[in-house]
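Have a look at upload-v4.tsv; it's TSV, C-alpha atoms:
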```tsv
chain	number	residue	atom	x	y	z
N	14	MET	CA	-10.86	2.14	17.94
N	15	PRO	CA	-8.70	0.29	15.46
N	16	ARG	CA	-7.28	2.09	12.41
N	17	LEU	CA	-7.67	-0.36	9.52
N	18	PHE	CA	-6.85	-0.76	5.86
N	19	ILE	CA	-7.05	-3.53	3.29
N	20	GLY	CA	-3.88	-4.38	1.43
N	21	LEU	CA	-1.40	-6.82	0.01
N	22	GLU	CA	1.71	-7.86	1.89
N	23	VAL	CA	5.05	-7.49	0.11
N	24	PRO	CA	7.04	-10.75	0.32
N	25	GLU	CA	10.28	-10.56	2.28
N	26	THR	CA	12.43	-11.17	-0.80
N	27	ILE	CA	10.85	-8.21	-2.60
N	28	ALA	CA	10.97	-6.04	0.52
N	29	THR	CA	14.69	-6.80	0.82
N	30	ARG	CA	15.24	-5.82	-2.79
N	31	LEU	CA	13.30	-2.57	-2.31
N	32	SER	CA	15.22	-1.86	0.90
N	33	PHE	CA	18.41	-1.53	-1.15
N	34	LEU	CA	16.94	1.78	-2.38
N	35	ARG	CA	17.10	3.24	1.15
N	36	GLY	CA	19.57	6.09	1.53
N	37	GLY	CA	21.09	8.72	-0.68
N	38	LEU	CA	18.14	11.11	-0.50
N	39	PRO	CA	18.40	13.94	2.03
N	40	GLY	CA	15.09	14.70	3.73
N	41	ALA	CA	13.73	11.16	3.31
N	42	ARG	CA	12.30	9.29	6.31
N	43	TRP	CA	12.48	5.68	5.10
N	44	ALA	CA	9.74	3.16	5.83
N	45	ASP	CA	10.82	-0.02	7.55
N	46	PRO	CA	10.91	-2.86	4.97
N	47	SER	CA	8.78	-5.03	7.29
N	48	ASP	CA	6.00	-2.43	6.84
N	49	TYR	CA	6.04	-2.42	3.01
N	50	HIS	CA	2.56	-3.12	1.67
N	51	LEU	CA	0.22	-2.17	-1.14
N	52	THR	CA	-2.90	-0.44	0.19
N	53	ILE	CA	-6.07	-1.56	-1.56
N	54	ARG	CA	-8.43	0.60	0.53
N	55	PHE	CA	-7.81	2.77	3.58
N	56	ILE	CA	-10.64	2.41	6.09
N	57	GLY	CA	-9.58	4.56	9.04
N	58	ASP	CA	-10.52	4.59	12.71
N	59	ILE	CA	-13.61	2.48	13.35
N	60	ASP	CA	-15.29	0.68	16.23
N	61	ARG	CA	-14.88	-3.04	16.92
N	62	ARG	CA	-18.40	-3.91	15.73
N	63	LEU	CA	-17.74	-2.45	12.29
N	64	ALA	CA	-14.27	-4.05	12.22
N	65	ASN	CA	-15.93	-7.44	12.71
N	66	GLU	CA	-18.44	-6.72	9.93
N	67	ILE	CA	-15.59	-5.74	7.60
N	68	ASP	CA	-13.79	-8.97	8.45
N	69	GLU	CA	-16.91	-10.97	7.56
N	70	GLU	CA	-17.36	-9.09	4.26
N	71	MET	CA	-13.73	-9.57	3.25
N	72	ALA	CA	-13.83	-13.26	4.16
N	73	ASP	CA	-16.67	-13.68	1.62
N	74	LEU	CA	-14.85	-11.86	-1.17
N	75	TYR	CA	-13.71	-14.10	-4.02
N	76	ALA	CA	-10.80	-12.94	-6.15
N	77	GLU	CA	-8.02	-14.53	-8.16
N	78	PRO	CA	-4.31	-14.40	-7.24
N	79	ILE	CA	-2.77	-11.12	-8.31
N	80	ARG	CA	0.45	-10.64	-10.24
N	81	VAL	CA	2.07	-7.55	-8.74
N	82	ARG	CA	4.65	-5.90	-10.97
N	83	ILE	CA	6.69	-2.92	-9.81
N	84	THR	CA	7.22	-0.51	-12.68
N	85	GLY	CA	9.56	2.08	-11.19
N	86	LEU	CA	9.70	4.85	-8.63
N	87	GLY	CA	7.41	7.84	-8.34
N	88	VAL	CA	6.58	10.74	-6.07
N	89	PHE	CA	3.32	12.07	-4.69
N	90	GLY	CA	2.98	15.77	-4.01
N	91	GLY	CA	3.83	17.56	-7.25
N	92	ASP	CA	5.74	20.77	-6.48
N	93	LYS	CA	5.80	19.83	-2.78
N	94	PRO	CA	6.86	16.18	-2.86
N	95	HIS	CA	5.84	14.27	0.27
N	96	THR	CA	6.03	10.55	-0.58
N	97	LEU	CA	8.50	8.41	-2.54
N	98	TYR	CA	6.95	5.17	-3.76
N	99	ALA	CA	7.46	2.10	-5.93
N	100	GLY	CA	4.71	2.18	-8.54
N	101	ILE	CA	2.65	-0.92	-9.27
N	102	GLU	CA	1.29	-1.73	-12.71
N	103	PRO	CA	-2.52	-1.85	-12.52
N	104	ASN	CA	-4.09	-5.04	-13.86
N	105	ARG	CA	-7.56	-6.57	-14.00
N	106	GLN	CA	-7.20	-8.63	-10.82
N	107	LEU	CA	-5.74	-5.78	-8.75
N	108	VAL	CA	-8.29	-3.20	-9.90
N	109	GLY	CA	-11.06	-5.77	-9.46
N	110	LEU	CA	-10.05	-6.47	-5.85
N	111	GLN	CA	-9.97	-2.74	-5.12
N	112	ALA	CA	-13.40	-2.17	-6.71
N	113	ASP	CA	-15.00	-5.16	-4.96
N	114	SER	CA	-13.54	-4.08	-1.60
N	115	GLU	CA	-14.85	-0.56	-2.16
N	116	ARG	CA	-18.37	-1.82	-2.98
N	117	ARG	CA	-18.46	-4.04	0.10
N	118	LEU	CA	-17.23	-1.29	2.41
N	119	ARG	CA	-19.75	1.19	1.05
N	120	ARG	CA	-22.50	-1.39	1.60
N	121	LEU	CA	-21.44	-1.43	5.27
N	122	GLY	CA	-21.94	2.34	5.41
N	123	LEU	CA	-18.38	3.63	4.93
N	124	ALA	CA	-17.98	6.78	2.89
N	125	PRO	CA	-16.52	6.29	-0.59
N	126	GLU	CA	-12.77	6.63	-0.99
N	127	GLN	CA	-12.08	10.13	-2.29
N	128	ARG	CA	-8.60	9.47	-3.67
N	129	LYS	CA	-8.01	7.80	-6.99
N	130	PHE	CA	-6.57	4.30	-6.64
N	131	VAL	CA	-2.87	4.51	-7.49
N	132	PRO	CA	-1.29	1.15	-6.63
N	133	HIS	CA	2.07	1.67	-4.93
N	134	VAL	CA	4.37	0.71	-2.07
N	135	THR	CA	5.44	3.67	0.06
N	136	LEU	CA	9.21	3.71	0.50
N	137	ALA	CA	9.77	7.05	2.24
N	138	ARG	CA	8.08	10.17	3.53
N	139	LEU	CA	9.77	13.33	2.31
N	140	ARG	CA	10.34	16.36	4.48
N	141	GLY	CA	12.31	19.16	2.94
N	142	ALA	CA	13.74	17.01	0.16
N	143	SER	CA	14.90	19.28	-2.64
N	144	THR	CA	13.42	18.68	-6.06
N	145	LEU	CA	16.95	18.56	-7.50
N	146	ASP	CA	18.03	15.82	-5.07
N	147	LEU	CA	14.80	13.98	-5.81
N	148	ALA	CA	15.32	14.25	-9.58
N	149	ASP	CA	18.87	12.92	-9.22
N	150	TYR	CA	17.65	10.07	-7.02
N	151	LEU	CA	14.88	9.09	-9.44
N	152	GLN	CA	17.30	9.25	-12.37
N	153	ALA	CA	19.73	6.94	-10.58
N	154	TYR	CA	17.27	4.45	-9.06
N	155	GLY	CA	13.93	4.94	-10.77
N	156	HIS	CA	13.99	1.91	-13.05
N	157	LEU	CA	12.97	-1.33	-11.36
N	158	ILE	CA	12.92	-3.98	-14.05
N	159	GLY	CA	11.62	-7.48	-13.37
N	160	VAL	CA	10.50	-6.92	-9.79
N	161	GLU	CA	7.27	-8.85	-9.38
N	162	PHE	CA	5.45	-11.37	-7.24
N	163	VAL	CA	2.11	-13.15	-7.09
N	164	ALA	CA	-0.14	-12.27	-4.16
N	165	GLU	CA	-1.92	-15.41	-2.95
N	166	HIS	CA	-3.92	-13.53	-0.28
N	167	PHE	CA	-4.97	-10.05	0.79
N	168	ALA	CA	-5.16	-8.80	4.35
N	169	LEU	CA	-6.93	-6.56	6.81
N	170	PHE	CA	-4.16	-4.53	8.47
N	171	SER	CA	-4.19	-2.37	11.57
N	172	ALA	CA	-2.04	0.66	12.22
N	173	ARG	CA	-1.46	2.69	15.36
N	174	ASP	CA	-4.80	4.06	16.58
N	175	MET	CA	-5.60	7.65	15.59
N	176	VAL	CA	-2.14	8.40	14.17
N	177	GLY	CA	-1.47	5.61	11.69
N	178	GLY	CA	1.94	4.44	10.65
N	179	GLY	CA	3.76	1.23	11.40
N	180	PRO	CA	4.31	-1.19	12.66
N	181	TYR	CA	1.42	-2.63	10.72
N	182	ILE	CA	-0.26	-5.79	11.94
N	183	VAL	CA	-2.12	-8.31	9.78
N	184	GLU	CA	-5.40	-8.77	11.64
N	185	ALA	CA	-6.82	-11.25	9.13
N	186	ALA	CA	-5.72	-12.75	5.81
N	187	TYR	CA	-8.05	-13.87	3.03
N	188	PRO	CA	-7.05	-16.30	0.28
N	189	LEU	CA	-7.04	-15.35	-3.38
N	190	HIS	CA	-8.03	-18.36	-5.51
```

Translate the structure described by the file into structure tokens.
Amino acid sequence: MPRLFIGLEVPETIATRLSFLRGGLPGARWADPSDYHLTIRFIGDIDRRLANEIDEEMADLYAEPIRVRITGLGVFGGDKPHTLYAGIEPNRQLVGLQADSERRLRRLGLAPEQRKFVPHVTLARLRGASTLDLADYLQAYGHLIGVEFVAEHFALFSARDMVGGGPYIVEAAYPLH
């Protein structure tokens, strides 16, 4: 059973720029820059028949190119931080692609996404990172000014079956026009 998600690829030039943030944070397990992406909708472990139906639905989805602007760094997990990410500024095209993908997946019988859509690129998983070290890191590196790109396509990605994680593989790409 493939583990799938819909997302946007991060161009190599942007991934390289984000990779300069790696290091200097004890307890961080850094994502490989080749795996940087923006998840539009996590799908999960599904059978091949449903994967093919999802591919057909996504191929019929019409959306405009998306300007992706990184606004700074953030952390998921509150008092128990678990993920360091580069935050993405929501915009009409990005939110529209997420909403249209969600509608199409629900029409295929998938359960609705329970988490609020927070556009981001995961940079590191945090295990035992102190909140003081994290605060210092965010203070030093948290401002990413002028980092942006235009996504000309979105993709159906696969991850390792049952466990997730990279390397991520683009199974299909769909143009944004």

*Skipping near chain neighbours, those fewer than 3 positions away, what residues fall within 8 Å of range 101-105 of chain N using all atoms listed in the file, listed as a list in words?*
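The contact residues come out as Val81, Arg82, Ile83, Thr84, Gly85, Val108, Gly109, Val131, Pro132, His133 and Val134 of chain N.
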
_Distance in Å - CA of Leu31 in chain N versus CA of Ala142 in chain N_ = 19.7 Å

*Can you tell me, as a PyMOL selection string, what residues are no more than 12 Å from Ala28 in chain N when counting all atoms listed in the file, ignoring any on the same chain fewer than 2 positions away?*
chain N and resi 22-26+30-35+44-51+83+99+134-136+160-162

Coordinates of box centre and edge lengths for range 102-120 of chain N, 3 Å on every side, axis-aligned, as AutoDock Vina command-line options:
```
--center_x -10.6 --center_y -3.7 --center_z -5.8 --size_x 29.8 --size_y 15.8 --size_z 22.4
```

*Could you check which of N:Gly155, N:Asp58, N:Ala168, N:Ala76 is closest to Val88 in chain N, using only C-alpha atoms?*
N:Gly155

_Between CA of Gly91 in chain N and CA of Leu147 in chain N, what distance in Å does the model show, to one decimal?_
11.6 Å

*Between CA of Thr144 in chain N and CA of Asp92 in chain N, measure the distance and give it in Å to one decimal.*
8.0 Å

Contacts between range 170-189 of chain N and range 14-53 of chain N, please, where a residue of range 14-53 of chain N counts if it comes within 7 Å (with only C-alpha atoms); show its shortest atom pair and distance in Å to one decimal, rows by chain and ascending number, as CSV.
```
residue,atom,partner,partner_atom,distance
N:Met14,CA,N:Asp174,CA,6.5
N:Pro15,CA,N:Asp174,CA,5.5
N:Arg16,CA,N:Asp174,CA,5.2
N:Leu17,CA,N:Ser171,CA,4.5
N:Phe18,CA,N:Phe170,CA,5.3
N:Ile19,CA,N:Phe170,CA,6.0
N:Asp48,CA,N:Tyr181,CA,6.0
```

_Residue list as a VMD selection string for point (-12.3, -12.3, -0.3), cut-off 12 Å, all atoms listed in the file_ = chain N and resid 19 to 20 67 to 78 109 to 111 113 to 114 117 165 to 169 185 to 190

*For Thr96 in chain N, which residue among N:Arg62, N:Lys129, N:Arg80, N:Arg42 is the nearest when counting only C-alpha atoms?*
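Looking only at the distances to Thr96 in chain N, the closest residue turns out to be N:Arg42.
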
*Go through N:Ala64, N:Leu123, N:Leu145, N:Leu139 and flag the residue nearest Ala41 in chain N, using all atoms listed in the file for the distances.*
N:Leu139

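Using only C-alpha atoms, the shortest contact distance between Leu157 in chain N and any of N:Ala112, N:Leu38, N:Ile56, N:Leu86 is found at N:Leu86.
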